[in-house]
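Peer 1: Take a look at this one; I'll ask things after.
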Amino acid sequence: MPTGTYNLIDRPCVPVRWRPGLTVRGPDGLPDTVGLRELLLRSHEIAALAVPDAPAHAALLRILYALTAKVAGLTDPDEDWAEHRLEAFDAGRLPSDGIDAYFDDYPDRFFLFAPGGRPFMQDPRLAEQCDAANTAGVNKLIVTRPSGNNHSWFRHDTDTAPVPPTAPEAFLSLLVWHYYGPAGRCSSREVNGMKSASATAGPLRTALSYHPEGDSLFETLLAGLVPPDAAVVGAEDLCPWELDELPDPDRPPRESRGPRSRHTGRSQHALLLLPDEDGSHVRDAFITWAYRGERMPREDDYLIWQTSQQGNRYPRPADAGRALWRDLDALLLQNPPAGHAHPRQPRVFDSMSEGFDDLRVRALGFDQEGQAKDTQFVDASTPAVLGHAEANDPRTVPAVGRLRQYGELYGRRLDRAVKRAWSAYVQDAKADGAAWAAQAGARYWPRAEAEFWARFRLLDRTGEVPDGGFDPAATRRAFVRLAEEAYDAVTAPVTRTLRGAKAVSQARNDLYGGTPKRRQPVPAPRAQTKEHSA
């Protein structure tokens with residue numbers, strides 16, 4: 001093996017969490033990190049991925065979906081595709097012969113470092129096309145580290161004395177860049193005599209993706225597969241590392257040929273990792289653009305797609321301040337009633353059928369701006385909800401939407417009420433009351449989430465009770481009570497004065513929809529004078 005190589009097939013690169021009660025094999029117990037081959041072979045024994053960073057988790061899932069579809073023989077369109085997936089599910093594990101055959105076909109395409117070869121998800125041409133004296137550096141590669149003038153997240157690092165990341169850490173960061181990389185200026189790359197240094201944002205940047213999740217990684221991976229369209233040819237639906245040639249950066253990006261290429265081959269960035277002498281760490285990296293002036297269409301089957309007022313489709317953005325239950329009806333309903341945005345549930349949930357009822361939903365994303373600013377990771381999970389999807393439970397799922405709407409309604413009213421109270425108290429119509437609104441939201445939304453899930457668990461699951469036994473009056477009272485308690489707690493300090501008590505009392509009506517406007521009496525018709533009659 002050449003110096004500096006690191007084969008992801010068998011070297012540890014993915015952190016995992018094993019299922020409880022698993023019999024320990026060997027003197028060293030169960031490893032915390034495994035290679036791709038062991039991950040697929042033992043996916044039925046693994047509870048879930050243990051990737052700490054949400055964007056890396058979301059990116060890695062898409063890679064694993066592509067591998068799972070291939071080794072399980074689920075790459076070609078077939079009217080019985082769903083049945084074939086259930087057969088794979090009933091087998092209880094992924095086929096070992098299919099796993100070994102796949103990695104035997106691509107033994108040289110999974111090296112994280114491959115001097116003179118094709119390193120995984122990288123472009124070796126960057127060593128010649130980029131300025132070796134102006135590399136990105138490892139602090140820029142690892143998105144949780146500060147680089148340049150950026151603020152520190154989890155640790156303090158300096159560009160003058162960077163700490164080389166391990167190969168597994170660099171592997172996950174490589175995936176984050178491919179899916180969530182920023183737009184704007186990057187390292188200069190010269191192709192065919194022309195230099196440029198401008199990149200387009202990654203395909204998942206700012207987006208929140210939703211994934212069905214089972215009791216084992218095996219269930220999660222099978223449930224996350226999307227059936228290929230009728231026009232797909234499995235042999236042509238290839239991942240980037242399966243292509244014979246590297247893409248031409250001067251030509252338009254290659255169009256996706258199916259779900260495997262759609263979810264793995266849409267990167268707008270090109271990277272090359274530079275290993276240290278023994279190949280266990282990364283000492284530097286090139287990070288630049290992949291296609292000059294071209295952008296791949298944003299297509300992804302794990303996003304909620306919405307429509308802007310101008311008629312443009314866009315994915316629902318990741319918002320660190322928004323709890324996952326507030327998106328639940330957009331996940332379960334095929335055409336949820338959610339205003340002018342017309343959200344469309346992720347396509348992956350269209351294929352949920354018998355055998356996949358007891359699945360949770362995990363939301364993974366990165367609250368960030370389109371160009372450079374990163375704010376916070378988003379990682380949340382629901383209880384088992386996909387049995388309530390519209391295709392499985394058309395009588396109950398509308399109740400889920402109404403339950404969510406009540407929680408949203410009184411959250412909005414609370415926000416409006418405290419802002420109005422503050423404005424009246426300080427006697428300034430332009431005062432926004434942001435501080436009070438933040439305090440009220442911090443009190444209301446966590447309790448509203450607990451109330452939502454408590455009432456969700458009470459919904460009938462037999463399909464025999466109309467509306468799942470949903471009680472609108474009791475639900476309304478519950479959320480009104482939460483809004484009232486939050487309002488009272490936030491406004492209490494100013495109620496000791498007459499002006500404050502009056503402002504709080506009047507604004508409180510906004511919790512109940514506001515004071516209805518009085519209808520003006522219609523004036524009686526005036527008798528015409530002789531002048532008017534003339």
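How things are named: the first chain in the structure tokens is A, the next is B, and so on; residues count from 1 in each chain; ligands count from 1 in the order shown.
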Using only C-alpha atoms, which residues sit within 12 Å of Ile63 of chain A once same-chain residues fewer than 5 positions away are excluded, as a ChimeraX atom specification?
Peer 2: /A:14,36,40,56-58,68-70,120-121,172,175-176,178-179,221,224-225,238-241,259-266
Peer 1: Identify, on the basis of only C-alpha atoms, every residue whose closest approach to Ala372 of chain A does not exceed 12 Å; exclude the query and any residue fewer than 3 positions from it along the same chain; express the result as JSON, numbers by chain.
Peer 2: {"A": [140, 143, 147, 149, 150, 180, 181, 182, 183, 184, 185, 186, 199, 200, 201, 202, 205, 206, 367, 368, 369, 375]}
Peer 1: With only C-alpha atoms as the counted atoms, please give the residues lying no more than 10 Å from segment 433-450 of chain A, apart from itself and same-chain residues fewer than 6 positions off, as number ranges by chain.
Peer 2: A: 321-326, 404, 406-408, 410-412, 414-423, 426, 456, 478-479, 481-491
Peer 1: Excluding Glu190 of chain A and its own-chain neighbours fewer than 4 positions away, which residues fall within 7 Å of it when counting only C-alpha atoms? Please give them as a list of chain:residue names.
Peer 2: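 In the requested form, the answer reads A:Gln129, A:Cys130, A:Met194, A:Lys195, A:Ser196.
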Peer 1: Near Ala101 of chain A, counting only C-alpha atoms, which residues have an atom at most 12 Å away, once you skip same-chain residues fewer than 4 positions from it, shown as an mmCIF file with C-alpha atoms, in the first residue's frame?
Peer 2:
```cif
data_model
loop_
_atom_site.group_PDB
_atom_site.id
_atom_site.type_symbol
_atom_site.label_atom_id
_atom_site.label_comp_id
_atom_site.auth_asym_id
_atom_site.auth_seq_id
_atom_site.Cartn_x
_atom_site.Cartn_y
_atom_site.Cartn_z
ATOM 1 C CA ARG A 37 -17.645 -2.647 4.877
ATOM 2 C CA LEU A 67 -24.304 2.074 -1.180
ATOM 3 C CA LYS A 70 -26.486 -1.007 -4.829
ATOM 4 C CA VAL A 71 -25.605 -3.890 -2.517
ATOM 5 C CA ALA A 72 -29.298 -4.733 -1.959
ATOM 6 C CA GLY A 73 -30.081 -4.776 -5.693
ATOM 7 C CA PRO A 95 -26.435 -9.346 1.847
ATOM 8 C CA SER A 96 -22.770 -9.966 2.595
ATOM 9 C CA ASP A 97 -22.082 -11.237 -0.919
ATOM 10 C CA ASP A 105 -15.462 -3.729 -8.022
ATOM 11 C CA TYR A 106 -14.094 -0.428 -6.660
ATOM 12 C CA PRO A 107 -11.131 -1.318 -4.436
#
```
Peer 1: Based on DSSP run over this structure's backbone, return all residues of segment 334-472 of chain A in alpha helix (DSSP H), as a PyMOL selection string.
Peer 2: chain A and resi 397-426+434-458+472
Peer 1: One decimal, Å: what's the distance from atom CA of Gly514 of chain A over to atom CA of Val480 of chain A, could you say?
Peer 2: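 Atom-to-atom, atom CA of Gly514 of chain A to atom CA of Val480 of chain A, that is 13.5 Å.
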Peer 1: Go ahead and compute the interatomic distance for atom CA of Gln122 of chain A and atom CA of Leu246 of chain A, in Å to one decimal.
Peer 2: 9.4 Å
